[in-house]
Amino acid sequence: MTNTPSIIHAKWVITDTTHILKHHALVIQSGLIEAILPSGLAKERYPTVTHTTYASHALLPGFINCHTHLTMNIFRGLADDLELMDWLNNYIWPAENKWLGEELVYDASLLAIAEAIRSGTTCMNDMYFFMNATARAVTETGIRAHIGLHLIDVPTAWAQTMDEAFEKAILFYEEYKNHERITPTMAVHSTYTVSLPQLIKAKKIADDYKLKINIHLQESPQEIAHVQALHQERPLMRLHKIGMVNPDLIAIHMTQINEDDLKILTATKPNIVHCPESNMKLASGIAPISTLMQHGLNVALGTDGAASNNDLDMITEMRSAAFLSKISTQNPQALSAETALNMATINAAKALGVDHKIGSLAIGKAADFIAIDLERIETEPLYHPISQIVYAASRDQVTDVWVAGKQLLKNRQLTTIDEKALLAKVKTWRKRIQNTV
Ligand SMILES: [Zn+2]
């Protein structure tokens, strides 16, 4: 049995940053893009099916948020204006210790997914505890996610020991390895929270199961000083010595890069995830993105958790990445609008090893795409759609979102999440957390 295709027309179809098609249509069949045609031809070729037209919109690949902690949406605004270690040690980790559990992770993940969909994000690369609860929220809502097997060597409500964490990680992998929208990854917190023997064990499991490895790496000067005091070497070198720095590594943050680091990175080509707003908010540092790209490294974009951003808005993240790169190099060409959009789409898909499936609009790829209404006061006159999306649009202009051909946002309304019930739950959490931290 074949399904009836759906045909979505738009004023612009941005298949990738080098192809902006005017008055084209996407033909969607069984969750995939079956064809991309001029609107007139699509109408001729499919005369009997329903056609939907987005007359003032651009269709483009959904954003891929390459580094998130969805659950941290519940701690948004709990503690601000602090340095990373102060923020973690004195606010975030105590709050997590008190409240961490299935119920919190599920509700908070739902909140984050609702925000992500409403911002045009169709895939997230998450790392947090109680992965099953996040996976349940992902399964129910229809979004796509890469979910990390979370490893941190501190006793938590999720795992008291590293052995327990490894055991639970493998169970999660087995349960989700064939899921249509969930991809398990390895997610090691950092080199200061996981010992060398445990890093080697994590690498072995990742190699055996062919998993990408995520790790927070060289995020701040304090991290470098801390690891150097403990181990007399920099975090990157520590990983390099055990062979972990390679194209299967997703190195998150990398604001602290010296000449030796750059040599290692250039030779080994890990993927870098840039989180400019989190780095700015925690005053961690500035990742030298244009230099990394000039050395041939793939750089993707992530928001980090909402407690250090404080949102999951990939449009403003693109803008921040571009602006931060320009001002830090004093070169307006350091990071263009097109490069920023690549970082939020195809570069992220490459980092996750799924650029054959998502990250651009192409025949045979998943129908993960969004509609942005550009004929608004805020984005007119419209000389160039990508410029308007990166430098002027707001996430409120994302009107519709599809993942695997299923519509998750329709004219700004979530189709798989009960917004009212979600807000009521979140208010209850706020009262519980606020009264006890
Ligand atoms: Zn993070």
# chains A, B, ... in the order shown; residues from 1 in each chain; ligands from 1
call {"tool": "residues_around", "arguments": {"residues": "range 81-87 of chain A", "least_positions_apart": "2", "cutoff": "12 Å", "atoms": "only C-alpha atoms", "output": "PyMOL selection string"}}
result
chain A and resi 75+77-79+89-95+192+219-226+278-285+307-310
call {"tool": "write_last_selection", "arguments": {"atoms": "C-alpha atoms", "output": "JSON list (two decimals), in the first residue's frame"}}
result
[["chain", "number", "residue", "atom", "x", "y", "z"],
["A", 75, "PHE", "CA", 16.07, 25.28, 36.03],
["A", 77, "GLY", "CA", 16.27, 31.47, 35.57],
["A", 78, "LEU", "CA", 16.96, 29.71, 38.87],
["A", 79, "ALA", "CA", 20.53, 31.06, 39.04],
["A", 89, "ASN", "CA", 28.76, 23.62, 42.22],
["A", 90, "ASN", "CA", 26.55, 25.95, 44.18],
["A", 91, "TYR", "CA", 23.28, 26.07, 42.24],
["A", 92, "ILE", "CA", 22.70, 23.59, 39.43],
["A", 93, "TRP", "CA", 24.16, 20.43, 40.95],
["A", 94, "PRO", "CA", 22.44, 20.98, 44.36],
["A", 95, "ALA", "CA", 19.10, 21.56, 42.59],
["A", 192, "TYR", "CA", 37.31, 16.57, 35.23],
["A", 219, "GLU", "CA", 34.93, 25.12, 28.05],
["A", 220, "SER", "CA", 36.58, 27.70, 30.34],
["A", 221, "PRO", "CA", 39.99, 28.79, 31.68],
["A", 222, "GLN", "CA", 38.94, 27.43, 35.08],
["A", 223, "GLU", "CA", 38.46, 23.96, 33.58],
["A", 224, "ILE", "CA", 41.94, 24.04, 32.02],
["A", 225, "ALA", "CA", 43.51, 25.16, 35.33],
["A", 226, "HIS", "CA", 41.58, 22.50, 37.26],
["A", 278, "SER", "CA", 26.11, 29.80, 26.90],
["A", 279, "ASN", "CA", 29.81, 30.68, 26.58],
["A", 280, "MET", "CA", 28.99, 34.39, 26.74],
["A", 281, "LYS", "CA", 26.53, 34.08, 29.61],
["A", 282, "LEU", "CA", 28.92, 32.05, 31.78],
["A", 283, "ALA", "CA", 31.84, 34.26, 30.65],
["A", 284, "SER", "CA", 33.65, 31.06, 29.65],
["A", 285, "GLY", "CA", 35.45, 32.38, 26.60],
["A", 307, "ALA", "CA", 19.69, 27.33, 32.32],
["A", 308, "SER", "CA", 22.85, 28.82, 30.80],
["A", 309, "ASN", "CA", 21.47, 30.46, 27.66],
["A", 310, "ASN", "CA", 18.50, 31.01, 28.61]]
call {"tool": "select_by_dssp", "arguments": {"residues": "range 22-100 of chain A", "states": "helix (DSSP H, G or I)", "output": "JSON, numbers by chain"}}
result
{"A": [39, 40, 41, 42, 43, 44, 45, 70, 71, 72, 73, 74, 75, 84, 85, 86, 87, 88, 89, 90, 91, 92, 93, 94, 95, 96, 97, 98, 99]}
call {"tool": "residues_around", "arguments": {"residues": "Met244 in chain A", "least_positions_apart": "5", "cutoff": "8 Å", "atoms": "only C-alpha atoms", "output": "compact mmCIF listing (two decimals) with C-alpha atoms, in the first residue's frame"}}
result
# COMPACT_ATOMS: atom_id res chain seq x y z
CA LYS A 203 35.64 4.77 24.28
CA LEU A 239 41.75 12.55 25.33
CA LEU A 249 34.28 12.88 18.73
call {"tool": "residues_near_ligand", "arguments": {"ligand": "ligand 1", "cutoff": "8 Å", "atoms": "only C-alpha atoms and all ligand atoms", "output": "ChimeraX atom specification"}}
result
/A:67-69,127,216,252,304-305
call {"tool": "residues_around", "arguments": {"residues": "range 102-107 of chain A", "least_positions_apart": "2", "cutoff": "9 Å", "atoms": "only C-alpha atoms", "output": "CSV table (one decimal) with C-alpha atoms, in the first residue's frame"}}
result
chain,number,residue,atom,x,y,z
A,70,LEU,CA,16.6,19.3,27.7
A,71,THR,CA,15.9,18.8,31.4
A,72,MET,CA,17.6,22.0,32.3
A,74,ILE,CA,13.2,23.4,34.4
A,99,TRP,CA,14.9,16.9,42.3
A,100,LEU,CA,16.5,14.5,39.8
A,109,SER,CA,12.0,17.4,28.4
A,110,LEU,CA,8.5,18.0,27.3
A,111,LEU,CA,8.8,21.7,28.1
A,112,ALA,CA,12.1,21.9,26.2
A,128,TYR,CA,21.4,14.1,30.6
A,129,PHE,CA,20.4,11.6,33.2
A,130,PHE,CA,17.3,9.3,33.1
A,131,MET,CA,17.6,9.1,29.3
A,132,ASN,CA,14.5,6.8,29.1
A,133,ALA,CA,12.3,9.6,30.4
A,134,THR,CA,13.6,12.0,27.7
A,135,ALA,CA,13.3,9.3,25.1
A,136,ARG,CA,9.6,8.8,26.1
A,137,ALA,CA,9.0,12.6,25.6
A,158,TRP,CA,20.2,8.0,38.3
A,422,LEU,CA,2.3,21.3,30.1
A,425,LYS,CA,2.8,21.0,35.3
A,426,VAL,CA,5.7,23.4,34.9
A,429,TRP,CA,7.5,22.3,39.4
call {"tool": "closest_residue", "arguments": {"among": "A:Lys365, A:Lys204, A:Arg395, A:Arg412", "to": "Thr15 in chain A", "atoms": "only C-alpha atoms"}}
result
A:Lys365
call {"tool": "atom_distance", "arguments": {"atom1": "CA of Lys420 in chain A", "atom2": "CA of Ser119 in chain A"}}
result
18.1 Å
call {"tool": "atom_distance", "arguments": {"atom1": "CA of Leu32 in chain A", "atom2": "CA of Ile363 in chain A"}}
result
7.7 Å
call {"tool": "closest_residue", "arguments": {"among": "A:Asp153, A:Asp80, A:Glu380, A:Asp261", "to": "Val188 in chain A", "atoms": "only C-alpha atoms"}}
result
A:Asp153
call {"tool": "select_by_dssp", "arguments": {"residues": "range 54-258 of chain A", "states": "strand (DSSP E)", "output": "JSON, numbers by chain"}}
result
{"A": [54, 55, 56, 57, 58, 59, 60, 61, 63, 64, 65, 66, 67, 68, 121, 122, 123, 124, 125, 126, 144, 145, 146, 147, 148, 149, 150, 151, 182, 183, 184, 185, 186, 187, 188, 213, 214, 215, 216, 217, 249, 250, 251, 252, 253]}
call {"tool": "residues_around", "arguments": {"residues": "His274 in chain A", "least_positions_apart": "5", "cutoff": "9 Å", "atoms": "only C-alpha atoms", "output": "VMD selection string"}}
result
chain A and resid 66 to 67 251 to 255 279 287 289 299 to 303 321 343
call {"tool": "residues_around", "arguments": {"residues": "range 46-63 of chain A", "least_positions_apart": "4", "cutoff": "9 Å", "atoms": "only C-alpha atoms", "output": "PDB file with C-alpha atoms, in the first residue's frame"}}
result
ATOM      1  CA  THR A   4      -0.960   9.616  -0.699  1.00  0.00           C
ATOM      2  CA  PRO A   5       1.840  12.176  -1.003  1.00  0.00           C
ATOM      3  CA  SER A   6       1.442  15.622   0.500  1.00  0.00           C
ATOM      4  CA  ILE A   7       2.562  18.554  -1.591  1.00  0.00           C
ATOM      5  CA  ILE A   8       3.787  21.679   0.183  1.00  0.00           C
ATOM      6  CA  HIS A   9       4.371  24.788  -1.924  1.00  0.00           C
ATOM      7  CA  ALA A  10       6.197  27.904  -0.784  1.00  0.00           C
ATOM      8  CA  LYS A  11       7.447  31.202  -2.122  1.00  0.00           C
ATOM      9  CA  TRP A  12      11.016  30.090  -1.353  1.00  0.00           C
ATOM     10  CA  VAL A  13      12.459  26.640  -0.821  1.00  0.00           C
ATOM     11  CA  ILE A  14      15.947  26.835   0.681  1.00  0.00           C
ATOM     12  CA  THR A  15      17.227  23.313   0.122  1.00  0.00           C
ATOM     13  CA  ASP A  16      20.669  24.312   1.431  1.00  0.00           C
ATOM     14  CA  HIS A  23       7.914  29.030  -6.161  1.00  0.00           C
ATOM     15  CA  ALA A  25       7.069  22.477  -3.860  1.00  0.00           C
ATOM     16  CA  LEU A  26       8.200  19.593  -1.687  1.00  0.00           C
ATOM     17  CA  LEU A  41       4.943  21.175 -12.502  1.00  0.00           C
ATOM     18  CA  ALA A  42       3.944  19.753  -9.097  1.00  0.00           C
ATOM     19  CA  SER A 119      11.596  27.661  17.445  1.00  0.00           C
ATOM     20  CA  GLY A 120      11.956  25.529  14.310  1.00  0.00           C
ATOM     21  CA  THR A 121      14.202  22.812  15.746  1.00  0.00           C
ATOM     22  CA  THR A 122      13.550  19.329  14.403  1.00  0.00           C
ATOM     23  CA  CYS A 123      16.465  17.409  15.960  1.00  0.00           C
ATOM     24  CA  MET A 124      18.427  17.708  19.173  1.00  0.00           C
ATOM     25  CA  MET A 314      18.509  28.458  17.184  1.00  0.00           C
ATOM     26  CA  ILE A 315      17.754  31.638  15.208  1.00  0.00           C
ATOM     27  CA  LEU A 341      22.790  28.509   8.817  1.00  0.00           C
ATOM     28  CA  ALA A 344      22.608  24.971  12.489  1.00  0.00           C
ATOM     29  CA  THR A 345      21.711  22.420   9.797  1.00  0.00           C
ATOM     30  CA  ILE A 346      24.103  20.408   7.613  1.00  0.00           C
ATOM     31  CA  ALA A 348      25.253  19.518  12.781  1.00  0.00           C
ATOM     32  CA  ILE A 358      18.884  15.185   7.508  1.00  0.00           C
ATOM     33  CA  GLY A 359      20.452  18.658   7.436  1.00  0.00           C
ATOM     34  CA  SER A 360      19.313  19.722   3.953  1.00  0.00           C
ATOM     35  CA  LEU A 361      16.272  19.234   1.736  1.00  0.00           C
ATOM     36  CA  ALA A 367      11.037  15.361   5.499  1.00  0.00           C
ATOM     37  CA  ASP A 368      12.315  17.407   8.467  1.00  0.00           C
ATOM     38  CA  PHE A 369      11.600  20.992   7.516  1.00  0.00           C
ATOM     39  CA  ILE A 370      10.117  24.246   8.723  1.00  0.00           C
ATOM     40  CA  ALA A 371       8.182  27.196   7.309  1.00  0.00           C
ATOM     41  CA  ILE A 372       9.224  30.726   8.241  1.00  0.00           C
ATOM     42  CA  ASP A 373       6.881  33.568   7.346  1.00  0.00           C
ATOM     43  CA  LEU A 374       9.171  36.256   5.962  1.00  0.00           C
ATOM     44  CA  GLU A 375       6.617  38.774   4.697  1.00  0.00           C
ATOM     45  CA  ARG A 376       6.378  40.516   8.032  1.00  0.00           C
ATOM     46  CA  PRO A 385      15.910  35.278   2.577  1.00  0.00           C
ATOM     47  CA  THR A 399       4.793  29.004  11.686  1.00  0.00           C
ATOM     48  CA  VAL A 401       7.283  22.385  11.539  1.00  0.00           C
ATOM     49  CA  TRP A 402       7.438  18.847  10.150  1.00  0.00           C
ATOM     50  CA  VAL A 403       9.542  15.891  11.296  1.00  0.00           C
TER      51      VAL A 403
END
call {"tool": "closest_residue", "arguments": {"among": "A:Lys168, A:Lys212, A:His356, A:Arg45", "to": "His146 in chain A", "atoms": "only C-alpha atoms"}}
result
A:Lys212
call {"tool": "residues_around", "arguments": {"residues": "range 262-269 of chain A", "least_positions_apart": "5", "cutoff": "12 Å", "atoms": "only C-alpha atoms", "output": "ChimeraX atom specification"}}
result
/A:234-241,243-251,254-257,287-289,291-299,351
call {"tool": "atom_distance", "arguments": {"atom1": "CA of Asp126 in chain A", "atom2": "CA of Thr141 in chain A"}}
result
15.4 Å
call {"tool": "decode", "arguments": {"residues": "range 46-65 of chain A", "atoms": "N, CA and C atoms", "output": "short mmCIF file (atom, residue, chain, number, x, y, z; two decimals), in the first residue's frame"}}
result
data_model
loop_
_atom_site.label_atom_id
_atom_site.label_comp_id
_atom_site.auth_asym_id
_atom_site.auth_seq_id
_atom_site.Cartn_x
_atom_site.Cartn_y
_atom_site.Cartn_z
N TYR A 46 0.63 16.10 -9.95
CA TYR A 46 -0.19 15.52 -8.86
C TYR A 46 -1.55 16.24 -8.81
N PRO A 47 -2.39 16.04 -9.83
CA PRO A 47 -3.63 16.82 -9.91
C PRO A 47 -4.69 16.43 -8.88
N THR A 48 -4.62 15.23 -8.33
CA THR A 48 -5.73 14.76 -7.50
C THR A 48 -5.46 14.80 -6.00
N VAL A 49 -4.25 15.20 -5.60
CA VAL A 49 -3.96 15.22 -4.16
C VAL A 49 -4.04 16.64 -3.62
N THR A 50 -4.08 16.76 -2.28
CA THR A 50 -4.19 18.08 -1.66
C THR A 50 -2.86 18.82 -1.74
N HIS A 51 -2.94 20.07 -2.17
CA HIS A 51 -1.75 20.93 -2.21
C HIS A 51 -1.90 22.02 -1.14
N THR A 52 -0.85 22.27 -0.39
CA THR A 52 -0.89 23.35 0.60
C THR A 52 0.15 24.39 0.21
N THR A 53 -0.25 25.66 0.27
CA THR A 53 0.67 26.71 -0.19
C THR A 53 1.01 27.67 0.94
N TYR A 54 2.29 27.91 1.11
CA TYR A 54 2.80 28.89 2.07
C TYR A 54 3.30 30.07 1.25
N ALA A 55 2.37 31.00 0.98
CA ALA A 55 2.61 32.03 -0.03
C ALA A 55 3.66 33.06 0.35
N SER A 56 3.86 33.26 1.65
CA SER A 56 4.82 34.30 2.06
C SER A 56 5.98 33.71 2.85
N HIS A 57 6.16 32.40 2.72
CA HIS A 57 7.11 31.69 3.58
C HIS A 57 8.34 31.16 2.82
N ALA A 58 9.36 30.87 3.61
CA ALA A 58 10.49 30.06 3.13
C ALA A 58 10.40 28.71 3.82
N LEU A 59 10.55 27.64 3.04
CA LEU A 59 10.72 26.31 3.63
C LEU A 59 12.23 26.05 3.69
N LEU A 60 12.68 25.51 4.79
CA LEU A 60 14.10 25.19 4.91
C LEU A 60 14.28 24.00 5.83
N PRO A 61 15.48 23.40 5.82
CA PRO A 61 15.69 22.26 6.72
C PRO A 61 15.48 22.69 8.16
N GLY A 62 14.88 21.82 8.98
CA GLY A 62 14.73 22.13 10.40
C GLY A 62 16.08 22.32 11.05
N PHE A 63 16.12 23.14 12.10
CA PHE A 63 17.39 23.36 12.80
C PHE A 63 17.75 22.12 13.62
N ILE A 64 19.04 21.85 13.70
CA ILE A 64 19.55 20.74 14.51
C ILE A 64 20.35 21.36 15.65
N ASN A 65 19.82 21.26 16.84
CA ASN A 65 20.49 21.83 18.01
C ASN A 65 21.50 20.79 18.51
#
